[in-house]
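The file data.txt comes next; it holds compact mmCIF, C-alpha atoms and all ligand atoms.
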# COMPACT_ATOMS: atom_id res chain seq x y z
CA MET V 137 -15.14 43.75 33.43
CA ASN V 138 -14.74 42.32 29.93
CA ARG V 139 -10.95 42.24 29.98
CA LYS V 140 -8.77 39.84 31.92
CA VAL V 141 -5.19 40.17 33.09
CA THR V 142 -3.24 37.38 34.75
CA VAL V 143 -0.31 38.24 36.98
CA VAL V 144 2.05 35.33 37.51
CA GLY V 145 3.87 35.66 40.81
CA SER V 146 2.19 37.07 43.90
CA GLY V 147 5.38 38.53 45.35
CA ASN V 148 6.29 42.19 45.64
CA VAL V 149 6.11 43.17 41.98
CA GLY V 150 3.23 40.84 41.06
CA ALA V 151 0.93 41.70 43.97
CA THR V 152 1.57 45.44 43.60
CA ALA V 153 0.91 45.28 39.85
CA ALA V 154 -2.33 43.38 40.53
CA GLN V 155 -3.40 45.97 43.07
CA ARG V 156 -2.74 48.81 40.62
CA LEU V 157 -4.73 47.03 37.89
CA VAL V 158 -7.68 46.53 40.21
CA ASP V 159 -7.54 50.06 41.65
CA MET V 160 -7.44 51.51 38.12
CA GLU V 161 -10.35 49.24 37.12
CA LEU V 162 -8.44 48.18 34.03
CA ALA V 163 -9.48 44.52 33.99
CA ASP V 164 -10.46 41.56 36.11
CA VAL V 165 -7.28 40.20 37.63
CA VAL V 166 -6.09 36.68 38.41
CA VAL V 167 -2.96 36.33 40.52
CA ILE V 168 -1.26 32.96 40.38
CA ASP V 169 1.70 31.58 42.33
CA ILE V 170 3.08 28.23 43.41
CA LEU V 171 2.71 29.31 47.04
CA GLU V 172 -0.53 27.99 48.44
CA GLY V 173 -2.80 30.52 50.08
CA VAL V 174 -0.73 33.63 49.39
CA PRO V 175 -2.25 34.53 45.98
CA GLN V 176 -5.72 33.58 47.30
CA GLY V 177 -5.29 35.81 50.35
CA LYS V 178 -3.94 38.75 48.38
CA GLY V 179 -6.65 38.42 45.70
CA LEU V 180 -9.38 38.46 48.36
CA ASP V 181 -7.78 41.39 50.17
CA MET V 182 -7.72 43.40 46.90
CA ALA V 183 -11.37 42.52 46.21
CA GLN V 184 -12.26 43.90 49.64
CA ALA V 185 -10.55 47.20 48.77
CA GLY V 186 -12.94 47.50 45.80
CA PRO V 187 -15.81 49.16 47.68
CA ILE V 188 -13.42 51.73 49.17
CA VAL V 189 -11.49 52.63 46.02
CA GLY V 190 -14.60 52.38 43.86
CA SER V 191 -13.47 49.51 41.65
CA ASP V 192 -15.73 46.78 40.30
CA ALA V 193 -12.80 44.89 38.83
CA HIS V 194 -12.76 41.34 40.20
CA SER V 195 -9.59 39.92 41.68
CA ILE V 196 -8.84 36.36 42.65
CA GLY V 197 -5.75 34.42 43.58
CA THR V 198 -5.15 30.82 42.64
CA ASN V 199 -2.67 27.98 42.08
CA ASP V 200 -4.65 26.61 39.14
CA TYR V 201 -3.95 27.80 35.59
CA ALA V 202 -7.49 26.87 34.53
CA GLU V 203 -8.55 30.10 36.29
CA THR V 204 -6.34 32.14 33.97
CA ALA V 205 -8.26 30.97 30.86
CA GLY V 206 -8.92 33.63 28.24
CA SER V 207 -6.46 36.21 29.53
CA ASP V 208 -5.87 39.22 27.28
CA VAL V 209 -2.61 40.15 28.97
CA VAL V 210 -0.30 38.09 31.20
CA ILE V 211 2.33 39.81 33.34
CA ILE V 212 5.11 37.38 34.28
CA THR V 213 6.87 38.29 37.55
CA ALA V 214 7.57 34.75 38.80
CA GLY V 215 11.19 34.18 39.67
CA PHE V 216 13.87 34.76 42.21
CA PRO V 217 16.33 37.51 42.89
CA ARG V 218 20.03 36.65 43.03
CA LYS V 219 21.04 35.14 46.37
CA PRO V 220 24.52 35.35 47.93
CA GLY V 221 26.85 32.82 46.33
CA MET V 222 24.70 32.45 43.24
CA SER V 223 26.33 33.28 39.92
CA ARG V 224 24.58 35.30 37.24
CA ASP V 225 24.35 32.15 35.13
CA ASP V 226 22.82 30.18 38.02
CA LEU V 227 20.08 32.79 38.35
CA LEU V 228 19.67 32.85 34.60
CA LEU V 229 19.10 29.10 34.39
CA LYS V 230 16.85 28.95 37.47
CA ASN V 231 14.58 31.77 36.33
CA ALA V 232 14.61 30.51 32.73
CA GLU V 233 13.16 27.22 33.98
CA ILE V 234 10.46 29.10 35.92
CA VAL V 235 9.56 31.35 32.97
CA ARG V 236 9.48 28.32 30.66
CA THR V 237 7.08 26.41 32.93
CA VAL V 238 4.88 29.45 33.55
CA THR V 239 4.64 30.30 29.84
CA ARG V 240 3.75 26.71 28.95
CA ASN V 241 0.98 26.67 31.57
CA VAL V 242 -0.38 30.07 30.51
CA MET V 243 -0.52 29.06 26.84
CA GLN V 244 -2.55 25.93 27.65
CA HIS V 245 -5.44 28.14 28.73
CA SER V 246 -5.18 31.40 26.77
CA LYS V 247 -5.08 31.32 22.98
CA ASN V 248 -3.55 34.62 22.02
CA PRO V 249 -2.46 36.63 25.05
CA ILE V 250 0.09 39.41 25.12
CA LEU V 251 2.90 38.54 27.53
CA ILE V 252 4.64 41.26 29.52
CA VAL V 253 7.81 39.78 30.96
CA VAL V 254 9.24 41.30 34.16
CA THR V 255 11.41 38.48 35.57
CA ASN V 256 15.17 39.09 35.46
CA PRO V 257 17.50 38.84 33.68
CA LEU V 258 14.86 40.60 31.66
CA ASP V 259 16.01 40.57 28.06
CA ALA V 260 17.03 36.89 28.23
CA MET V 261 13.71 35.91 29.89
CA CYS V 262 11.87 37.51 26.95
CA HIS V 263 13.64 35.03 24.65
CA VAL V 264 12.49 32.14 26.84
CA ALA V 265 8.86 33.35 26.84
CA LEU V 266 8.94 33.95 23.08
CA GLN V 267 10.30 30.51 22.34
CA GLU V 268 8.04 28.64 24.74
CA SER V 269 4.83 30.49 23.84
CA GLY V 270 5.08 30.22 20.05
CA LEU V 271 3.54 33.72 19.96
CA PRO V 272 4.73 36.25 17.39
CA PRO V 273 7.40 38.62 18.78
CA ASN V 274 5.03 41.61 18.84
CA ARG V 275 3.03 39.78 21.57
CA VAL V 276 5.97 39.09 23.90
CA ILE V 277 7.36 42.28 25.41
CA GLY V 278 9.76 43.03 28.24
CA MET V 279 9.39 45.67 30.95
CA ALA V 280 12.55 47.62 31.70
CA GLY V 281 12.81 50.85 29.71
CA ILE V 282 9.76 52.48 31.30
CA LEU V 283 11.26 51.82 34.72
CA ASP V 284 14.73 53.04 33.78
CA SER V 285 13.35 56.17 32.14
CA ALA V 286 10.98 56.82 35.07
CA ARG V 287 13.98 56.75 37.40
CA PHE V 288 15.80 59.20 35.13
CA ARG V 289 12.67 61.41 34.98
CA ALA V 290 12.30 61.38 38.76
CA PHE V 291 15.93 62.46 39.21
CA ILE V 292 15.60 65.19 36.53
CA ALA V 293 12.47 66.53 38.27
CA MET V 294 14.20 66.49 41.69
CA GLU V 295 17.26 68.29 40.29
CA LEU V 296 15.34 71.04 38.47
CA GLU V 297 12.46 71.21 40.95
CA VAL V 298 9.83 70.76 38.26
CA SER V 299 6.82 68.50 37.95
CA VAL V 300 7.60 64.93 36.95
CA GLU V 301 4.80 65.35 34.42
CA ASN V 302 6.94 67.83 32.49
CA THR V 303 9.77 65.35 32.10
CA HIS V 304 10.42 62.88 29.31
CA ALA V 305 13.40 60.59 29.19
CA PHE V 306 14.75 58.47 26.43
CA VAL V 307 16.57 55.28 27.35
CA LEU V 308 17.76 52.52 25.02
CA GLY V 309 19.46 49.18 25.56
CA GLY V 310 19.36 46.38 28.08
CA HIS V 311 18.13 46.74 31.64
CA GLY V 312 20.43 48.17 34.31
CA ASP V 313 24.18 48.45 33.85
CA THR V 314 24.14 48.54 30.07
CA MET V 315 21.25 50.95 29.59
CA VAL V 316 21.90 53.80 27.18
CA PRO V 317 20.22 57.04 28.28
CA LEU V 318 20.00 59.66 25.52
CA PRO V 319 20.11 63.08 27.23
CA ARG V 320 19.64 65.01 23.96
CA TYR V 321 16.26 63.28 23.52
CA SER V 322 15.35 63.71 27.21
CA THR V 323 13.32 66.84 27.82
CA VAL V 324 11.56 69.07 30.32
CA ALA V 325 8.46 70.65 28.78
CA GLY V 326 9.98 69.94 25.37
CA ILE V 327 13.39 71.50 26.16
CA PRO V 328 16.32 69.04 25.91
CA ILE V 329 17.99 68.61 29.31
CA THR V 330 21.31 69.33 27.61
CA GLU V 331 20.13 72.98 27.55
CA LEU V 332 19.05 72.95 31.19
CA MET V 333 21.92 71.22 33.02
CA ASP V 334 25.67 71.02 32.66
CA GLN V 335 27.32 67.79 31.55
CA ALA V 336 28.57 66.92 35.05
CA THR V 337 25.02 67.08 36.45
CA ILE V 338 23.64 65.00 33.57
CA ASP V 339 26.39 62.41 34.10
CA ARG V 340 25.56 62.24 37.81
CA LEU V 341 21.85 61.66 37.10
CA VAL V 342 22.60 59.09 34.40
CA ASP V 343 24.86 57.25 36.81
CA ARG V 344 22.25 57.24 39.55
CA THR V 345 19.67 55.97 37.04
CA ARG V 346 21.98 53.14 35.92
CA ASN V 347 22.39 52.10 39.54
CA GLY V 348 18.75 52.83 40.42
CA GLY V 349 17.89 49.21 41.19
CA ALA V 350 21.05 48.59 43.23
CA GLU V 351 20.51 51.77 45.29
CA ILE V 352 17.11 50.47 46.39
CA VAL V 353 18.36 46.92 47.06
CA SER V 354 21.07 48.30 49.34
CA LEU V 355 18.49 50.32 51.28
CA LEU V 356 15.90 47.54 51.56
CA LYS V 357 18.53 44.94 52.58
CA SER V 358 16.30 42.13 51.35
CA GLY V 359 14.27 42.14 48.14
CA SER V 360 14.31 44.67 45.35
CA ALA V 361 12.26 47.60 44.06
CA TYR V 362 8.60 47.02 43.30
CA TYR V 363 6.54 50.22 43.39
CA ALA V 364 8.07 51.69 40.24
CA PRO V 365 8.51 48.30 38.50
CA SER V 366 4.85 47.40 39.05
CA ALA V 367 3.73 50.86 37.86
CA ALA V 368 5.81 50.38 34.70
CA ALA V 369 4.31 46.95 33.93
CA VAL V 370 0.81 48.36 34.46
CA GLU V 371 1.50 51.30 32.14
CA MET V 372 2.28 48.72 29.45
CA ALA V 373 -0.87 46.71 30.21
CA GLU V 374 -2.98 49.88 30.10
CA ALA V 375 -1.56 50.93 26.72
CA ILE V 376 -2.44 47.48 25.35
CA LEU V 377 -5.90 47.17 26.92
CA LYS V 378 -6.90 50.68 25.85
CA ASP V 379 -5.14 50.46 22.48
CA LYS V 380 -3.44 53.75 23.30
CA LYS V 381 -0.66 53.45 20.72
CA LYS V 382 1.68 54.88 23.32
CA ILE V 383 5.36 55.35 22.51
CA VAL V 384 7.31 53.85 25.40
CA PRO V 385 10.68 52.15 25.78
CA CYS V 386 10.29 48.37 26.09
CA ALA V 387 12.38 45.28 25.45
CA ALA V 388 11.31 44.32 21.94
CA TYR V 389 12.48 41.69 19.48
CA LEU V 390 14.60 43.39 16.83
CA ARG V 391 14.86 42.10 13.31
CA GLY V 392 17.42 44.44 11.84
CA GLU V 393 16.24 47.66 13.49
CA TYR V 394 19.15 49.61 14.97
CA GLY V 395 21.41 47.14 13.13
CA ILE V 396 20.50 44.36 15.63
CA ARG V 397 18.96 41.05 14.58
CA ASP V 398 16.98 38.34 16.44
CA LEU V 399 17.52 39.84 19.87
CA TYR V 400 15.46 41.50 22.61
CA VAL V 401 16.80 44.98 23.33
CA GLY V 402 15.22 48.06 24.89
CA VAL V 403 13.97 50.47 22.21
CA PRO V 404 11.04 52.86 21.85
CA VAL V 405 7.96 51.06 20.57
CA LYS V 406 4.35 51.91 19.81
CA LEU V 407 2.23 49.88 22.26
CA GLY V 408 -1.39 49.19 21.40
CA ALA V 409 -3.95 46.40 21.15
CA GLY V 410 -1.59 44.44 18.89
CA GLY V 411 1.26 44.64 21.41
CA VAL V 412 4.34 46.12 19.77
CA GLU V 413 2.79 47.77 16.71
CA GLN V 414 5.93 49.56 15.60
CA ILE V 415 9.55 49.85 16.57
CA VAL V 416 10.50 53.50 16.54
CA GLU V 417 13.94 54.13 15.12
CA VAL V 418 15.79 57.34 15.90
CA LYS V 419 19.10 58.55 14.52
CA LEU V 420 21.99 57.80 16.85
CA THR V 421 25.46 59.29 17.05
CA ALA V 422 28.45 56.97 16.61
CA ASP V 423 28.95 56.88 20.41
CA GLU V 424 25.30 56.08 21.08
CA LYS V 425 25.37 53.33 18.43
CA ALA V 426 28.47 51.82 20.02
CA ALA V 427 26.86 51.89 23.50
CA LEU V 428 23.72 50.20 22.15
CA ALA V 429 25.82 47.54 20.42
CA ARG V 430 27.65 46.86 23.72
CA SER V 431 24.31 46.55 25.48
CA ALA V 432 23.06 44.13 22.81
CA ASP V 433 26.27 42.07 23.17
CA ALA V 434 25.58 41.68 26.91
CA VAL V 435 22.07 40.33 26.13
CA ARG V 436 23.44 38.05 23.39
CA GLU V 437 25.91 36.52 25.88
CA LEU V 438 23.07 35.44 28.20
CA VAL V 439 20.94 34.12 25.35
CA ASP V 440 23.94 32.10 24.12
CA VAL V 441 24.34 30.55 27.61
CA LEU V 442 20.66 29.56 27.55
CA GLN V 443 20.91 28.07 24.10
CA SER V 444 24.10 26.14 24.83
CA ARG V 445 22.53 24.65 27.98
CA ALA V 446 19.35 23.78 26.10
CA SER V 447 21.32 21.81 23.51
CA VAL V 448 23.32 19.77 26.08
N1 LIG N 501 12.33 44.05 34.69
C1 LIG N 501 12.50 44.83 35.72
O1 LIG N 501 12.77 46.00 35.59
C2 LIG N 501 12.33 44.27 37.12
C3 LIG N 501 12.09 45.13 38.20
C4 LIG N 501 11.89 44.57 39.47
C5 LIG N 501 11.93 43.18 39.64
N2 LIG N 501 12.20 42.39 38.57
C6 LIG N 501 12.24 40.93 38.68
O2 LIG N 501 10.92 40.46 38.90
C7 LIG N 501 10.97 39.20 39.58
C8 LIG N 501 10.03 39.23 40.78
O3 LIG N 501 10.45 40.18 41.71
P1 LIG N 501 9.70 40.32 43.12
O4 LIG N 501 10.35 41.42 43.86
O5 LIG N 501 8.23 40.33 42.92
O6 LIG N 501 10.12 38.92 43.79
P2 LIG N 501 9.32 38.13 44.94
O7 LIG N 501 10.30 37.12 45.47
O8 LIG N 501 8.69 39.08 45.89
O9 LIG N 501 8.16 37.34 44.16
C9 LIG N 501 8.40 36.32 43.24
C10 LIG N 501 7.22 35.38 43.31
O10 LIG N 501 7.36 34.41 42.25
C11 LIG N 501 6.79 33.21 42.76
N3 LIG N 501 7.18 32.06 41.94
C12 LIG N 501 8.34 31.39 41.90
N4 LIG N 501 8.28 30.37 41.02
C13 LIG N 501 7.05 30.40 40.48
C14 LIG N 501 6.37 29.60 39.52
N5 LIG N 501 6.97 28.58 38.92
N6 LIG N 501 5.09 29.91 39.22
C15 LIG N 501 4.46 30.96 39.82
N7 LIG N 501 5.06 31.74 40.74
C16 LIG N 501 6.33 31.46 41.06
C17 LIG N 501 7.33 33.13 44.18
O11 LIG N 501 6.60 32.20 44.96
C18 LIG N 501 7.16 34.58 44.62
O12 LIG N 501 5.90 34.77 45.24
C19 LIG N 501 12.46 38.98 39.93
O13 LIG N 501 13.06 38.17 38.94
C20 LIG N 501 13.03 40.39 39.86
O14 LIG N 501 14.43 40.38 39.61
C21 LIG N 501 12.38 42.91 37.32
Show the structure stored in the file as structure tokens.
Amino acid sequence: MNRKVTVVGSGNVGATAAQRLVDMELADVVVIDILEGVPQGKGLDMAQAGPIVGSDAHSIGTNDYAETAGSDVVIITAGFPRKPGMSRDDLLLKNAEIVRTVTRNVMQHSKNPILIVVTNPLDAMCHVALQESGLPPNRVIGMAGILDSARFRAFIAMELEVSVENTHAFVLGGHGDTMVPLPRYSTVAGIPITELMDQATIDRLVDRTRNGGAEIVSLLKSGSAYYAPSAAAVEMAEAILKDKKKIVPCAAYLRGEYGIRDLYVGVPVKLGAGGVEQIVEVKLTADEKAALARSADAVRELVDVLQSRASV
């Protein structure tokens, strides 16, 4: 293949994203982790699936960043989930250190990659990758909105018993609790869901979407969701590699759009070969604006913690 994608982190999200990239023959894939043997084993296993799934994409696993040289896209999934007894700030600082190190290593070997950040807390980790990489903000993008809207779409399709392909969902804001779903822009075959369901049903689906990650964590008992998250990261990589100019919700760096400045927040963007090629602005009601501002405040709080620690 003439395109190369590096996936940092060979855990659940990283390995599944790598497998999807290889299966879809989107690019040659390098999986890198600090664990010795695990990325190598998974890379080799994926390569051996090639003859069966009909993919000539190469896949390797490594612990050496020299192997990631010349990557077009880098998906960053390295990091840890919150453990019992760990505060949100503890996780923030621990994963920030990992994302900082990873970004520094990636940039030593790839001149102008596009970084897709997956590690949580997502919006804050985008700031770390942006700062450490020195890349322009259109080349550092966070994955969250596609996942949140896919969850909403799946629930809409289940409720109305229609194909998921007929559903579109519109979600703004930070990842998880503070996401701002916009039902009037969410449609089934072009019809707003506000015309297809009563408010109580919409509220129930929105609520389930907001808690979509937690619902899966409580079922799995250890670890968190990875099938849908990896599919979402790969949709972003595909849009970039194929220059699709696809409008999807991503965490993007805002410079005044939606009245928010110098902050990563989930908004619809046009994704193509240049990364974020446009931030799509839609008219919001006063309530929607207020919800988005609250979501942005939650991101700003985390970024402020990072900056205050960095200056100590
Ligand atoms: N943005 C989203 O919507 C979303 C969705 C799902 C998961 N996540 C986040 O993605 C991250 C990964 O989730 P997971 O389920 O794959 O976790 P996981 O524990 O299965 O995998 C994480 C991997 O990162 C590796 N790692 C740790 N430090 C590293 C370093 N310095 N360099 C390279 N690799 C390193 C670990 O060895 C491990 O293999 C977590 O932070 C999780 O919260 C985000």
* To do: Go ahead and compute the interatomic distance for atom CA of V:Phe306 and atom CA of V:Asn231, in Å to one decimal.
  => 28.5 Å
* To do: For atom CA of V:Asn274 and atom CA of V:Ile383, quote the distance in Å rounded to one decimal.
  =>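 Distance reported for this atom pair: 14.2 Å.
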* Using all atoms listed in the file, determine which residues fall within 6 Å of ligand LIG 501 (chain N), then list them as a PyMOL selection string. => chain V and resi 144-150+169-171+213-217+234+238+254-256+258+279-280+359-362+365
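The spacing separating atom CA of V:Ile327 from atom CA of V:Glu393 amounts to 27.1 Å.
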* To do: Considering all atoms listed in the file, return as an MDAnalysis selection string whatever protein or nucleic-acid residues lie within 7 Å of V:Ala305, sequence-local ones (same chain, fewer than 4 positions apart) excluded.
  => chainID V and resid 285 288:289 321:323
* **Selected residue of minimal separation from V:Ala232 among V:Ser207, V:Ile250, V:Leu428, V:His263, counting only C-alpha atoms** => V:His263
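Remark: for V:Ser299, the closest of the candidate residues V:Leu157, V:Ala325, V:Asp284, V:Ser195 is V:Ala325 (distances computed over all atoms listed in the file).
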* **Spatial neighbours of V:Met372, max dist 8 Å, all atoms listed in the file, sep filter under 4 positions, as a list in words** =>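 Within the cut-off, the hits are Ile252, Met279, Ala368, Ile376 and Leu407 of chain V.
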* Asked: From the list V:Thr142, V:Thr198, V:Ser269, V:Thr421, which residue is nearest V:Tyr394 when using only C-alpha atoms?
  -> V:Thr421
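Among the candidate residues V:Lys419, V:His311, V:Lys219, V:Arg240, the one lying nearest to V:Thr345 is V:His311, with distances computed using only C-alpha atoms.
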* **Proximity to V:His245 - best of V:Thr204, V:Ser223, V:Asn199, V:Asn138, all atoms listed in the file** => V:Thr204
* Residue contacts of V:Gln155 (9 Å, all atoms listed in the file) excluding same-chain residues fewer than 5 positions away, as a ChimeraX atom specification -> /V:150,160,165,178-179,182,195
* Looking at all atoms listed in the file, which of V:Ala388, V:Leu229, V:Val300, V:Val342 is the one that sits closest to V:Val416? ->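 Selected residue with least distance to V:Val416: V:Ala388.
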Test item: which residues lie within 8 Å of (-1.5, 33.6, 26.8) counting all atoms listed in the file, as a PDB file with C-alpha atoms, in the frame of the given file:
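Everything below was put into out.pdb:
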ATOM      1  CA  GLY V 206      -8.920  33.630  28.240  1.00  0.00           C
ATOM      2  CA  SER V 207      -6.460  36.210  29.530  1.00  0.00           C
ATOM      3  CA  ASP V 208      -5.870  39.220  27.280  1.00  0.00           C
ATOM      4  CA  VAL V 209      -2.610  40.150  28.970  1.00  0.00           C
ATOM      5  CA  VAL V 210      -0.300  38.090  31.200  1.00  0.00           C
ATOM      6  CA  THR V 239       4.640  30.300  29.840  1.00  0.00           C
ATOM      7  CA  VAL V 242      -0.380  30.070  30.510  1.00  0.00           C
ATOM      8  CA  MET V 243      -0.520  29.060  26.840  1.00  0.00           C
ATOM      9  CA  GLN V 244      -2.550  25.930  27.650  1.00  0.00           C
ATOM     10  CA  HIS V 245      -5.440  28.140  28.730  1.00  0.00           C
ATOM     11  CA  SER V 246      -5.180  31.400  26.770  1.00  0.00           C
ATOM     12  CA  LYS V 247      -5.080  31.320  22.980  1.00  0.00           C
ATOM     13  CA  ASN V 248      -3.550  34.620  22.020  1.00  0.00           C
ATOM     14  CA  PRO V 249      -2.460  36.630  25.050  1.00  0.00           C
ATOM     15  CA  ILE V 250       0.090  39.410  25.120  1.00  0.00           C
ATOM     16  CA  LEU V 251       2.900  38.540  27.530  1.00  0.00           C
ATOM     17  CA  SER V 269       4.830  30.490  23.840  1.00  0.00           C
TER      18      SER V 269
END
* To do: List the residues sitting within 10 Å of (21.9, 66.3, 34.0) in the file's frame, using all atoms listed in the file, as a list in words.
  =>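 Applying the cut-off with all atoms listed in the file, one gets Phe288, Phe291, Ile292, Glu295, Leu296, Pro319, Ser322, Ile329, Thr330, Glu331, Leu332, Met333, Asp334, Gln335, Ala336, Thr337, Ile338, Asp339, Arg340, Leu341, Val342 and Asp343 of chain V.
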